[in-house]
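Trainee: This one is data_24.tsv, TSV, C-alpha atoms.
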chain	number	residue	atom	x	y	z
A	27	MET	CA	10.58	0.97	24.87
A	28	ALA	CA	11.99	4.44	25.05
A	29	LEU	CA	14.45	3.63	22.27
A	30	CYS	CA	11.53	3.02	19.95
A	31	ARG	CA	9.98	6.43	20.40
A	32	LEU	CA	9.29	8.13	17.11
A	33	SER	CA	10.36	11.48	18.50
A	34	ILE	CA	13.91	10.16	18.75
A	35	LEU	CA	13.98	9.81	14.97
A	36	HIS	CA	12.84	13.40	14.64
A	37	ASP	CA	15.28	14.66	17.24
A	38	LEU	CA	18.14	12.95	15.45
A	39	LEU	CA	17.24	13.72	11.85
A	40	TYR	CA	14.78	16.58	11.47
A	41	GLN	CA	15.94	20.20	11.28
A	42	SER	CA	12.93	22.43	11.77
A	43	VAL	CA	14.59	25.65	10.62
A	44	ARG	CA	15.14	24.58	7.01
A	45	ILE	CA	14.12	21.81	4.68
A	46	ALA	CA	17.14	19.57	4.58
A	47	PHE	CA	17.95	17.38	1.61
A	48	PHE	CA	17.28	14.43	3.86
A	49	ASP	CA	13.68	15.49	4.49
A	50	GLY	CA	13.12	16.40	0.85
A	51	PHE	CA	14.29	12.96	-0.21
A	52	TRP	CA	11.84	11.15	2.03
A	53	LEU	CA	9.03	13.52	1.11
A	54	THR	CA	9.72	12.84	-2.57
A	55	ILE	CA	9.59	9.09	-1.94
A	56	TYR	CA	6.29	9.54	-0.10
A	57	VAL	CA	4.61	11.82	-2.64
A	58	PHE	CA	5.65	9.89	-5.75
A	59	TRP	CA	4.34	6.54	-4.56
A	60	PHE	CA	1.43	6.52	-7.03
A	61	PRO	CA	3.29	7.76	-10.14
A	62	VAL	CA	5.99	5.18	-9.45
A	63	ALA	CA	3.32	2.50	-9.14
A	64	VAL	CA	1.70	3.53	-12.43
A	65	LEU	CA	5.13	3.42	-14.04
A	66	GLY	CA	5.49	-0.10	-12.69
A	67	MET	CA	2.11	-1.02	-14.14
A	68	VAL	CA	3.16	0.27	-17.57
A	69	CYS	CA	6.47	-1.61	-17.39
A	70	PHE	CA	4.66	-4.78	-16.37
A	71	ALA	CA	2.18	-4.41	-19.24
A	72	VAL	CA	5.02	-3.99	-21.72
A	73	ARG	CA	7.14	-6.84	-20.39
A	74	LYS	CA	4.48	-9.37	-19.36
A	75	TRP	CA	1.22	-8.54	-21.08
A	76	GLU	CA	0.21	-12.22	-20.94
A	77	HIS	CA	0.28	-11.97	-17.12
A	78	PHE	CA	-1.32	-8.57	-16.90
A	79	ARG	CA	-4.76	-9.82	-15.87
A	80	TRP	CA	-3.19	-11.07	-12.64
A	81	PHE	CA	-1.56	-7.71	-12.11
A	82	ALA	CA	-4.89	-5.96	-12.72
A	83	GLY	CA	-6.69	-8.24	-10.28
A	84	ALA	CA	-4.07	-7.64	-7.60
A	85	TRP	CA	-4.14	-3.87	-8.19
A	86	LEU	CA	-7.90	-3.64	-7.72
A	87	ALA	CA	-7.97	-6.13	-4.85
A	88	LEU	CA	-5.31	-4.16	-2.99
A	89	PHE	CA	-7.33	-0.97	-2.88
A	90	TYR	CA	-10.82	-2.40	-2.43
A	91	VAL	CA	-9.88	-4.98	0.21
A	92	ALA	CA	-8.25	-2.15	2.19
A	93	ILE	CA	-11.65	-0.48	2.54
A	94	VAL	CA	-12.64	-3.20	5.04
A	95	PRO	CA	-10.02	-2.35	7.72
A	96	PHE	CA	-10.49	1.35	6.98
A	97	LEU	CA	-14.16	0.94	7.86
A	98	LEU	CA	-13.89	-1.54	10.73
A	99	LEU	CA	-10.53	-0.58	12.22
A	100	PRO	CA	-9.92	3.11	11.72
A	101	THR	CA	-6.68	3.99	13.43
A	102	GLU	CA	-4.81	7.10	14.37
A	103	PRO	CA	-1.61	7.77	12.48
A	104	PRO	CA	1.37	8.78	14.62
A	105	TRP	CA	1.06	12.49	13.81
A	106	MET	CA	-2.34	12.63	15.55
A	107	HIS	CA	-0.65	11.87	18.85
A	108	PRO	CA	0.25	14.99	20.85
A	109	GLY	CA	3.95	15.64	20.71
A	110	VAL	CA	4.54	13.90	17.38
A	111	MET	CA	5.42	16.19	14.52
A	112	ARG	CA	3.85	15.81	11.07
A	113	ILE	CA	6.83	16.68	8.93
A	114	ILE	CA	4.78	16.80	5.70
A	115	THR	CA	2.64	19.59	7.12
A	116	GLU	CA	5.74	21.40	8.31
A	117	MET	CA	7.16	21.25	4.81
A	118	THR	CA	4.12	21.65	2.56
A	119	GLY	CA	1.47	23.42	4.64
A	120	ASP	CA	-2.08	22.35	3.80
A	121	PHE	CA	-1.06	19.87	1.13
A	122	ALA	CA	-1.46	17.03	3.60
A	123	ASP	CA	-5.15	17.85	4.18
A	124	VAL	CA	-6.32	16.56	0.78
A	125	ASP	CA	-6.75	13.05	2.20
A	126	THR	CA	-10.45	12.16	2.45
A	127	ASN	CA	-9.88	9.84	5.39
A	128	GLN	CA	-7.25	10.81	7.94
A	129	VAL	CA	-7.77	7.69	10.05
A	130	ALA	CA	-7.21	5.18	7.23
A	131	ALA	CA	-3.79	4.34	8.61
A	132	PHE	CA	-3.93	0.56	8.94
A	133	PRO	CA	-2.67	-0.90	6.66
A	134	SER	CA	-0.32	1.45	4.80
A	135	LEU	CA	-1.16	1.54	1.09
A	136	HIS	CA	2.01	3.54	0.49
A	137	VAL	CA	3.91	0.38	1.41
A	138	ALA	CA	1.36	-2.14	0.14
A	139	LEU	CA	1.31	-0.92	-3.47
A	140	PRO	CA	5.04	-1.21	-4.26
A	141	ALA	CA	5.16	-4.44	-2.25
A	142	MET	CA	2.34	-5.85	-4.38
A	143	ILE	CA	4.17	-4.90	-7.57
A	144	ALA	CA	7.34	-6.54	-6.26
A	145	LEU	CA	5.50	-9.75	-5.37
A	146	ARG	CA	3.64	-9.82	-8.68
A	147	ALA	CA	6.85	-9.18	-10.61
A	148	ARG	CA	8.60	-11.97	-8.75
A	149	ALA	CA	5.76	-14.37	-9.52
A	150	SER	CA	5.99	-13.38	-13.18
A	151	ASN	CA	9.74	-13.92	-13.33
A	152	LEU	CA	10.74	-10.26	-13.54
A	153	PRO	CA	13.53	-10.33	-10.94
A	154	TRP	CA	14.92	-6.83	-11.55
A	155	MET	CA	11.51	-5.28	-11.31
A	156	ALA	CA	10.82	-7.27	-8.16
A	157	LEU	CA	14.10	-6.07	-6.68
A	158	ALA	CA	13.48	-2.44	-7.62
A	159	TYR	CA	9.99	-2.35	-6.16
A	160	GLY	CA	11.03	-4.31	-3.11
A	161	LEU	CA	13.71	-1.68	-2.52
A	162	PHE	CA	11.18	1.07	-3.09
A	163	ALA	CA	8.81	-0.54	-0.58
A	164	SER	CA	11.65	-0.65	1.95
A	165	LEU	CA	12.49	3.02	1.40
A	166	MET	CA	8.79	3.84	1.65
A	167	THR	CA	8.58	2.01	4.97
A	168	PHE	CA	11.23	4.28	6.43
A	169	ALA	CA	9.65	7.33	4.80
A	170	VAL	CA	6.17	6.78	6.23
A	171	VAL	CA	7.56	6.07	9.70
A	172	TYR	CA	10.02	8.96	9.72
A	173	LEU	CA	7.46	11.42	8.36
A	174	GLY	CA	5.06	10.41	11.13
A	175	GLU	CA	2.41	9.06	8.72
A	176	HIS	CA	2.42	5.41	9.81
A	177	PHE	CA	3.64	3.07	12.48
A	178	VAL	CA	5.84	0.13	11.51
A	179	ILE	CA	2.94	-2.23	12.17
A	180	ASP	CA	0.98	-0.41	9.43
A	181	ALA	CA	3.80	-1.14	6.99
A	182	ILE	CA	3.90	-4.80	8.01
A	183	ALA	CA	0.15	-5.01	7.51
A	184	GLY	CA	0.65	-3.35	4.12
A	185	VAL	CA	3.00	-6.12	3.01
A	186	ALA	CA	0.47	-8.70	4.22
A	187	LEU	CA	-2.25	-6.94	2.26
A	188	ALA	CA	-0.01	-6.97	-0.83
A	189	TRP	CA	0.42	-10.72	-0.52
A	190	VAL	CA	-3.33	-11.25	-0.15
A	191	ALA	CA	-4.01	-9.00	-3.15
A	192	VAL	CA	-1.61	-10.95	-5.38
A	193	LYS	CA	-3.28	-14.19	-4.32
A	194	ILE	CA	-6.73	-12.78	-5.05
A	195	GLY	CA	-5.54	-11.56	-8.43
A	196	GLU	CA	-4.42	-15.06	-9.38
A	197	ARG	CA	-7.46	-16.81	-7.95
A	198	ALA	CA	-9.82	-14.47	-9.77
A	199	ALA	CA	-8.37	-15.54	-13.11
A	200	PRO	CA	-6.80	-18.99	-12.68
A	201	ALA	CA	-3.97	-20.02	-14.96
A	202	THR	CA	-4.72	-22.43	-17.76
A	203	ALA	CA	-2.72	-25.63	-17.89
A	204	SER	CA	-0.43	-24.20	-20.58
A	205	GLU	CA	0.10	-21.01	-18.59
A	206	ALA	CA	0.88	-23.01	-15.50
A	207	ALA	CA	3.55	-24.81	-17.50
A	208	ASP	CA	5.09	-21.52	-18.63
A	209	PRO	CA	8.71	-21.54	-17.42
A	210	ASP	CA	8.56	-17.73	-17.17
A	211	ARG	CA	6.02	-17.95	-14.43
A	212	VAL	CA	6.58	-18.80	-10.76
A	213	ALA	CA	3.55	-20.70	-9.49
A	214	TRP	CA	2.21	-20.39	-5.98
A	215	PRO	CA	2.72	-23.52	-3.89
A	216	ASP	CA	-0.99	-24.20	-3.49
A	217	GLU	CA	-2.12	-22.87	-6.84
A	218	VAL	CA	-5.24	-24.29	-8.46
A	219	THR	CA	-4.96	-24.37	-12.23
A	220	HIS	CA	-7.86	-24.17	-14.60
A	221	THR	CA	-8.13	-26.88	-17.22
A	222	PRO	CA	-10.54	-26.12	-20.09
A	223	VAL	CA	-13.22	-28.80	-20.50
A	224	ARG	CA	-13.77	-30.03	-24.04
A	225	LYS	CA	-17.33	-30.22	-25.21
A	226	ALA	CA	-18.56	-33.61	-26.39
A	227	ALA	CA	-18.90	-33.85	-30.15
B	12	MET	CA	-3.64	-0.23	-27.69
B	13	ALA	CA	-4.98	-2.77	-25.21
B	14	PRO	CA	-2.22	-2.08	-22.65
B	15	VAL	CA	-2.90	1.65	-22.79
B	16	VAL	CA	-6.63	1.13	-22.28
B	17	SER	CA	-6.00	-1.33	-19.47
B	18	VAL	CA	-3.58	0.92	-17.59
B	19	GLY	CA	-5.95	3.87	-17.95
B	20	SER	CA	-8.88	1.76	-16.78
B	21	LEU	CA	-7.01	0.62	-13.70
B	22	VAL	CA	-6.08	4.16	-12.76
B	23	PHE	CA	-9.61	5.47	-13.23
B	24	GLY	CA	-10.94	2.31	-11.61
B	25	LEU	CA	-9.78	3.79	-8.33
B	26	VAL	CA	-12.33	6.60	-8.40
B	27	PRO	CA	-14.92	4.48	-6.54
B	28	TYR	CA	-12.17	3.57	-4.07
B	29	LEU	CA	-11.56	7.23	-3.28
B	30	TYR	CA	-15.29	7.66	-2.65
B	31	LEU	CA	-15.45	4.57	-0.45
B	32	ARG	CA	-12.35	5.67	1.47
B	33	GLY	CA	-14.06	8.90	2.38
B	34	ALA	CA	-17.35	7.14	3.05
B	35	ALA	CA	-15.62	4.81	5.50
B	36	ASP	CA	-14.67	7.85	7.55
B	37	ASP	CA	-18.19	9.27	7.37
B	38	ALA	CA	-19.95	6.04	8.25
B	39	GLY	CA	-20.32	6.81	11.93
B	40	LEU	CA	-18.97	3.48	13.05
B	41	PRO	CA	-15.31	4.43	12.53
B	42	ARG	CA	-15.06	7.30	14.97
B	43	GLN	CA	-16.70	5.25	17.70
B	44	ALA	CA	-14.31	2.36	17.17
B	45	LEU	CA	-11.25	4.47	16.49
B	46	VAL	CA	-8.07	2.75	17.60
B	47	ALA	CA	-6.15	5.45	19.38
B	48	ARG	CA	-2.56	4.37	19.41
B	49	ALA	CA	-1.49	6.57	22.24
B	50	GLU	CA	1.95	5.05	22.55
B	51	SER	CA	4.04	7.01	20.09
B	52	THR	CA	6.45	4.20	19.44
B	53	ILE	CA	7.44	3.48	15.88
B	54	PHE	CA	5.89	0.04	16.22
B	55	GLY	CA	2.57	1.39	17.34
B	56	GLY	CA	2.58	-0.33	20.70
B	57	ALA	CA	-0.09	-2.91	21.42
B	58	LEU	CA	-2.82	-1.02	19.59
B	59	PRO	CA	-4.70	0.09	22.73
B	60	THR	CA	-8.30	0.83	21.92
B	61	GLU	CA	-10.17	3.82	23.21
B	62	HIS	CA	-13.81	4.48	22.44
B	63	PHE	CA	-14.71	8.00	21.54
B	64	ALA	CA	-18.15	9.36	22.24
Starting from the file, give its structure as C-alpha coordinates.

Mentor:
Amino acid sequence: MALCRLSILHDLLYQSVRIAFFDGFWLTIYVFWFPVAVLGMVCFAVRKWEHFRWFAGAWLALFYVAIVPFLLLPTEPPWMHPGVMRIITEMTGDFADVDTNQVAAFPSLHVALPAMIALRARASNLPWMALAYGLFASLMTFAVVYLGEHFVIDAIAGVALAWVAVKIGERAAPATASEAADPDRVAWPDEVTHTPVRKAA
Amino acid sequence: MAPVVSVGSLVFGLVPYLYLRGAADDAGLPRQALVARAESTIFGGALPTEHFA
(Lines of atoms letter the chains of each structure in order from A and count residues from 1; the text may use other names and numbers.)
(Lines give C-alpha, C1' and ligand atoms only; values in the text may rest on other atoms or scores of the structure.)
Protein backbone atom coordinates (compact mmCIF):
# COMPACT_ATOMS: atom_id res chain seq x y z
CA MET A 1 0.00 0.00 0.00
CA ALA A 2 3.03 2.20 0.28
CA LEU A 3 2.76 3.11 -3.39
CA CYS A 4 -0.62 4.65 -2.70
CA ARG A 5 0.60 7.06 -0.06
CA LEU A 6 -0.47 10.60 -0.74
CA SER A 7 2.87 11.95 0.42
CA ILE A 8 4.50 10.30 -2.58
CA LEU A 9 2.47 12.57 -4.86
CA HIS A 10 3.68 15.57 -2.89
CA ASP A 11 7.28 14.39 -2.84
CA LEU A 12 7.22 13.93 -6.59
CA LEU A 13 5.32 17.03 -7.62
CA TYR A 14 5.23 19.73 -4.95
CA GLN A 15 8.00 22.31 -4.63
CA SER A 16 7.61 24.04 -1.30
CA VAL A 17 10.00 26.91 -2.03
CA ARG A 18 7.95 28.48 -4.82
CA ILE A 19 4.52 28.18 -6.34
CA ALA A 20 5.10 26.18 -9.47
CA PHE A 21 2.86 26.46 -12.50
CA PHE A 22 1.82 22.91 -11.82
CA ASP A 23 0.44 23.78 -8.38
CA GLY A 24 -1.18 26.97 -9.64
CA PHE A 25 -2.98 25.01 -12.33
CA TRP A 26 -4.51 22.55 -9.91
CA LEU A 27 -5.37 25.30 -7.45
CA THR A 28 -7.15 27.17 -10.25
CA ILE A 29 -9.12 24.05 -11.15
CA TYR A 30 -10.07 23.62 -7.48
CA VAL A 31 -11.06 27.23 -6.81
CA PHE A 32 -13.06 27.77 -10.00
CA TRP A 33 -15.28 24.72 -9.56
CA PHE A 34 -18.38 26.79 -8.74
CA PRO A 35 -18.00 29.51 -11.41
CA VAL A 36 -17.43 26.78 -13.99
CA ALA A 37 -20.57 25.02 -12.77
CA VAL A 38 -22.63 28.21 -13.00
CA LEU A 39 -21.28 28.70 -16.51
CA GLY A 40 -22.45 25.19 -17.30
CA MET A 41 -25.88 26.00 -15.89
CA VAL A 42 -26.14 29.07 -18.11
CA CYS A 43 -25.03 27.11 -21.18
CA PHE A 44 -27.54 24.39 -20.39
CA ALA A 45 -30.34 26.95 -19.97
CA VAL A 46 -29.49 28.49 -23.33
CA ARG A 47 -29.14 25.23 -25.22
CA LYS A 48 -31.83 23.08 -23.56
CA TRP A 49 -34.28 25.32 -21.75
CA GLU A 50 -37.02 22.70 -22.23
CA HIS A 51 -34.94 20.31 -20.09
CA PHE A 52 -33.86 22.87 -17.54
CA ARG A 53 -36.30 21.77 -14.84
CA TRP A 54 -34.43 18.46 -14.68
CA PHE A 55 -31.15 20.31 -14.41
CA ALA A 56 -32.57 22.47 -11.61
CA GLY A 57 -33.85 19.45 -9.72
CA ALA A 58 -30.50 17.70 -10.01
CA TRP A 59 -28.62 20.84 -8.92
CA LEU A 60 -30.67 21.25 -5.75
CA ALA A 61 -30.75 17.52 -5.01
CA LEU A 62 -26.97 17.31 -5.27
CA PHE A 63 -26.34 19.85 -2.55
CA TYR A 64 -29.20 19.02 -0.19
CA VAL A 65 -28.81 15.24 -0.36
CA ALA A 66 -25.13 15.72 0.52
CA ILE A 67 -26.16 17.20 3.88
CA VAL A 68 -27.15 13.69 5.02
CA PRO A 69 -23.65 12.12 4.83
CA PHE A 70 -22.14 15.37 6.10
CA LEU A 71 -24.31 15.03 9.21
CA LEU A 72 -24.17 11.26 9.70
CA LEU A 73 -20.71 10.46 8.34
CA PRO A 74 -18.40 13.39 8.93
CA THR A 75 -14.97 12.41 7.75
CA GLU A 76 -11.47 13.76 7.98
CA PRO A 77 -9.97 15.05 4.77
CA PRO A 78 -6.40 13.90 4.08
CA TRP A 79 -4.82 17.19 5.19
CA MET A 80 -6.06 16.62 8.76
CA HIS A 81 -3.80 13.60 9.04
CA PRO A 82 -0.40 14.40 10.58
CA GLY A 83 2.29 14.43 7.96
CA VAL A 84 0.00 15.31 5.05
CA MET A 85 0.50 18.77 3.63
CA ARG A 86 -2.44 21.03 2.77
CA ILE A 87 -1.07 22.66 -0.34
CA ILE A 88 -3.92 25.22 -0.54
CA THR A 89 -2.96 26.61 2.85
CA GLU A 90 0.69 26.67 1.83
CA MET A 91 -0.22 28.70 -1.23
CA THR A 92 -3.05 30.95 -0.04
CA GLY A 93 -2.68 31.23 3.73
CA ASP A 94 -6.01 31.54 5.56
CA PHE A 95 -8.12 31.38 2.43
CA ALA A 96 -8.83 27.72 3.08
CA ASP A 97 -10.43 28.46 6.47
CA VAL A 98 -13.61 29.98 5.00
CA ASP A 99 -15.25 26.54 4.85
CA THR A 100 -18.02 26.26 7.45
CA ASN A 101 -17.57 22.52 7.82
CA GLN A 102 -14.05 21.13 7.60
CA VAL A 103 -15.17 17.52 8.03
CA ALA A 104 -17.67 17.51 5.15
CA ALA A 105 -15.28 15.47 3.04
CA PHE A 106 -17.43 12.53 1.98
CA PRO A 107 -18.60 12.81 -0.76
CA SER A 108 -16.63 15.42 -2.71
CA LEU A 109 -18.95 18.10 -4.10
CA HIS A 110 -16.04 19.49 -6.10
CA VAL A 111 -16.22 16.30 -8.15
CA ALA A 112 -19.96 15.70 -7.84
CA LEU A 113 -21.06 19.01 -9.36
CA PRO A 114 -19.23 18.79 -12.70
CA ALA A 115 -20.05 15.08 -12.85
CA MET A 116 -23.74 15.89 -12.40
CA ILE A 117 -23.58 18.46 -15.20
CA ALA A 118 -21.86 15.93 -17.45
CA LEU A 119 -24.48 13.27 -16.73
CA ARG A 120 -27.35 15.71 -17.18
CA ALA A 121 -25.86 17.00 -20.43
CA ARG A 122 -25.46 13.47 -21.72
CA ALA A 123 -29.08 12.66 -20.87
CA SER A 124 -30.15 15.80 -22.71
CA ASN A 125 -28.14 14.96 -25.81
CA LEU A 126 -25.45 17.61 -25.36
CA PRO A 127 -22.42 15.41 -26.06
CA TRP A 128 -19.77 18.16 -26.18
CA MET A 129 -20.93 19.62 -22.92
CA ALA A 130 -20.99 16.16 -21.38
CA LEU A 131 -17.45 15.56 -22.60
CA ALA A 132 -16.19 18.92 -21.35
CA TYR A 133 -17.65 18.51 -17.88
CA GLY A 134 -16.62 14.89 -17.69
CA LEU A 135 -13.07 16.01 -18.43
CA PHE A 136 -13.36 18.77 -15.86
CA ALA A 137 -14.59 16.25 -13.26
CA SER A 138 -11.58 14.06 -14.05
CA LEU A 139 -9.17 16.97 -13.66
CA MET A 140 -10.94 17.94 -10.45
CA THR A 141 -10.50 14.42 -9.11
CA PHE A 142 -6.75 14.69 -9.48
CA ALA A 143 -6.78 18.24 -8.10
CA VAL A 144 -8.63 17.39 -4.89
CA VAL A 145 -6.44 14.34 -4.27
CA TYR A 146 -3.16 16.06 -5.08
CA LEU A 147 -4.03 19.14 -3.02
CA GLY A 148 -4.80 16.90 -0.04
CA GLU A 149 -8.48 17.92 0.13
CA HIS A 150 -10.07 14.54 -0.58
CA PHE A 151 -9.34 10.87 -0.87
CA VAL A 152 -10.14 9.05 -4.11
CA ILE A 153 -13.05 7.33 -2.41
CA ASP A 154 -14.60 10.77 -1.80
CA ALA A 155 -14.42 11.47 -5.53
CA ILE A 156 -16.00 8.11 -6.35
CA ALA A 157 -18.78 8.85 -3.89
CA GLY A 158 -19.15 12.25 -5.54
CA VAL A 159 -19.82 10.64 -8.91
CA ALA A 160 -22.36 8.32 -7.27
CA LEU A 161 -24.05 11.32 -5.67
CA ALA A 162 -24.15 13.05 -9.08
CA TRP A 163 -25.92 10.04 -10.58
CA VAL A 164 -28.45 9.97 -7.74
CA ALA A 165 -29.06 13.71 -8.08
CA VAL A 166 -29.76 13.44 -11.81
CA LYS A 167 -32.20 10.62 -11.13
CA ILE A 168 -33.95 12.64 -8.43
CA GLY A 169 -34.15 15.62 -10.76
CA GLU A 170 -35.95 13.56 -13.38
CA ARG A 171 -38.21 11.77 -10.94
CA ALA A 172 -39.26 15.04 -9.32
CA ALA A 173 -40.60 16.29 -12.64
CA PRO A 174 -41.40 13.26 -14.83
CA ALA A 175 -41.32 13.63 -18.59
CA THR A 176 -44.60 13.87 -20.44
CA ALA A 177 -45.25 11.34 -23.17
CA SER A 178 -44.27 13.85 -25.85
CA GLU A 179 -41.08 14.76 -24.01
CA ALA A 180 -40.22 11.11 -23.61
CA ALA A 181 -40.55 10.75 -27.37
CA ASP A 182 -38.19 13.68 -27.97
CA PRO A 183 -35.28 12.32 -30.03
CA ASP A 184 -33.02 14.94 -28.41
CA ARG A 185 -33.42 13.32 -25.07
CA VAL A 186 -31.76 10.15 -23.77
CA ALA A 187 -34.18 8.36 -21.47
CA TRP A 188 -33.13 6.43 -18.41
CA PRO A 189 -33.61 2.68 -18.76
CA ASP A 190 -36.19 2.46 -15.99
CA GLU A 191 -37.79 5.84 -16.52
CA VAL A 192 -41.42 6.35 -15.57
CA THR A 193 -43.16 8.78 -17.90
CA HIS A 194 -46.07 10.94 -16.95
CA THR A 195 -49.13 10.77 -19.16
CA PRO A 196 -51.65 13.60 -18.66
CA VAL A 197 -55.14 12.33 -17.84
CA ARG A 198 -57.97 13.89 -19.82
CA LYS A 199 -60.94 15.06 -17.86
CA ALA A 200 -64.30 13.57 -18.80
CA ALA A 201 -66.52 15.97 -20.71
CA MET B 1 -35.80 36.51 -18.76
CA ALA B 2 -36.92 33.19 -17.30
CA PRO B 3 -33.48 31.57 -17.71
CA VAL B 4 -31.80 34.48 -15.93
CA VAL B 5 -34.25 34.30 -13.03
CA SER B 6 -33.90 30.53 -12.84
CA VAL B 7 -30.10 30.55 -12.82
CA GLY B 8 -30.07 33.29 -10.17
CA SER B 9 -32.61 31.39 -8.08
CA LEU B 10 -30.56 28.22 -8.20
CA VAL B 11 -27.41 30.03 -7.10
CA PHE B 12 -29.15 31.81 -4.24
CA GLY B 13 -31.05 28.62 -3.48
CA LEU B 14 -27.82 27.33 -2.01
CA VAL B 15 -27.84 29.79 0.88
CA PRO B 16 -29.83 27.37 3.10
CA TYR B 17 -27.38 24.66 2.07
CA LEU B 18 -24.45 26.69 3.36
CA TYR B 19 -26.28 27.14 6.66
CA LEU B 20 -27.11 23.43 6.89
CA ARG B 21 -23.53 22.49 6.01
CA GLY B 22 -22.28 24.47 8.97
CA ALA B 23 -25.10 23.23 11.18
CA ALA B 24 -24.15 19.63 10.39
CA ASP B 25 -20.74 20.33 11.90
CA ASP B 26 -22.26 22.00 14.96
CA ALA B 27 -24.85 19.32 15.61
CA GLY B 28 -22.81 17.46 18.20
CA LEU B 29 -23.35 14.09 16.60
CA PRO B 30 -20.69 14.59 13.91
CA ARG B 31 -17.65 15.00 16.10
CA GLN B 32 -18.55 11.92 18.11
CA ALA B 33 -18.97 9.83 14.98
CA LEU B 34 -16.11 11.37 13.06
CA VAL B 35 -14.53 8.91 10.66
CA ALA B 36 -10.83 9.40 11.17
CA ARG B 37 -9.14 8.06 8.09
CA ALA B 38 -5.77 7.60 9.64
CA GLU B 39 -4.30 5.79 6.68
CA SER B 40 -3.02 8.56 4.46
CA THR B 41 -3.44 6.60 1.27
CA ILE B 42 -4.98 8.32 -1.70
CA PHE B 43 -7.83 5.82 -1.58
CA GLY B 44 -8.62 6.54 2.03
CA GLY B 45 -7.96 3.03 3.26
CA ALA B 46 -10.83 1.06 4.73
CA LEU B 47 -12.37 4.06 6.45
CA PRO B 48 -11.38 3.04 10.00
CA THR B 49 -13.66 4.65 12.53
CA GLU B 50 -12.48 6.23 15.72
CA HIS B 51 -14.80 7.76 18.27
CA PHE B 52 -13.77 11.05 19.72
CA ALA B 53 -14.83 12.08 23.17

Trainee: May I ask for the distance between atom CA of Pro100 of chain A and atom CA of Val46 of chain B, given in Å to one decimal place?

Mentor: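 Between atom CA of Pro100 of chain A and atom CA of Val46 of chain B the gap works out to 6.2 Å.
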
Trainee: At a cut-off of 9 Å, using all atoms listed in the file, what residues contact Ile93 of chain A? Leave out same-chain residues fewer than 3 positions from it and give the result as JSON, numbers by chain.

Mentor: {"A": [89, 90, 96, 97, 98, 130], "B": [28, 31, 32, 35]}

Trainee: Work out how far apart atom CA of Ala158 of chain A and atom CA of Ala199 of chain A are and give it in Å to one decimal.

Mentor: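 Separation of atom CA of Ala158 of chain A and atom CA of Ala199 of chain A: 26.1 Å.
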
Trainee: Would you work out the distance separating atom CA of Asn151 of chain A from atom CA of Lys74 of chain A, expressed in Å to one decimal?

Mentor: 9.2 Å

Trainee: Would you mind telling me which residue in A:Ala201, A:Ala144, A:Ala87, A:Ala71 lies nearest to chain B when using all atoms listed in the file?

Mentor: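 Nearest candidate to chain B out of A:Ala201, A:Ala144, A:Ala87, A:Ala71: A:Ala71.
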
Trainee: Pick from A:Val72, A:Ala138, A:Val62, A:Ile55: nearest to chain B, with only C-alpha atoms counted?

Mentor: A:Val72

Trainee: Ranking A:Pro133, A:Pro108, A:Gly119, A:Gly195 by minimum distance to chain B and counting only C-alpha atoms, which one comes first?

Mentor: A:Pro108

Trainee: With distances taken over only C-alpha atoms, which of A:Val171, A:Leu165, A:Val91, A:Cys69 is nearest to chain B?

Mentor: A:Val171

Trainee: Of the candidates A:Pro61, A:Gly66, A:Pro104, A:Gly50, which one gets nearest to Ala147 of chain A if we count all atoms listed in the file?

Mentor: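 Among A:Pro61, A:Gly66, A:Pro104, A:Gly50, it is A:Gly66 that comes nearest to Ala147 of chain A.
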
Trainee: For each of A:Ile143, A:Val94, A:Val170, A:Leu161, take the minimum atom-to-atom distance to Thr54 of chain A, counting all atoms listed in the file, then give the residue where this is smallest.

Mentor: A:Val170

Trainee: I'd like the contact shell of Tyr30 of chain B - 10 Å cut-off, all atoms listed in the file, skipping same-chain residues fewer than 5 positions apart - returned as number ranges by chain.

Mentor: A: 126-127; B: 25, 35

Trainee: Can you pull out every residue within 12 Å of Phe162 of chain A, counting all atoms listed in the file, but drop anything in the same chain fewer than 4 positions away, and send it as a list in words?

Mentor: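 Near Phe162 of chain A, the qualifying residues are Trp52, Thr54, Ile55, Tyr56, Phe58, Trp59, Phe60, Val62, Ala63, Gly66, His136, Val137, Ala138, Leu139, Pro140, Ala141, Met142, Ile143, Ala144, Met155, Ala156, Leu157, Ala158, Met166, Thr167, Phe168 and Ala169 of chain A.
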
Trainee: Hey, what's within 6 Å of Ala131 of chain A if we count only C-alpha atoms and toss same-chain stuff fewer than 3 positions away? As a PyMOL selection string, please?

Mentor: chain A and resi 101+103+134

Trainee: Which residues are close to Leu21 of chain B, i.e. within 10 Å by all atoms listed in the file, leaving aside same-chain residues fewer than 3 positions away? Reply as a ChimeraX atom specification.

Mentor: /A:64,67,82-83,85-86 /B:16-18,24-26

Trainee: Using the file's own x, y and z axes, so that the box edges lie along x, y and z, what centre and edge lengths in Å (one decimal) does a box around every listed atom of segment 31-40 of chain B get when 6 Å is added on each side? Give it as JSON.

Mentor:
{"center_x": -16.3, "center_y": 6.4, "center_z": 6.3, "size_x": 20.0, "size_y": 17.8, "size_z": 25.5}
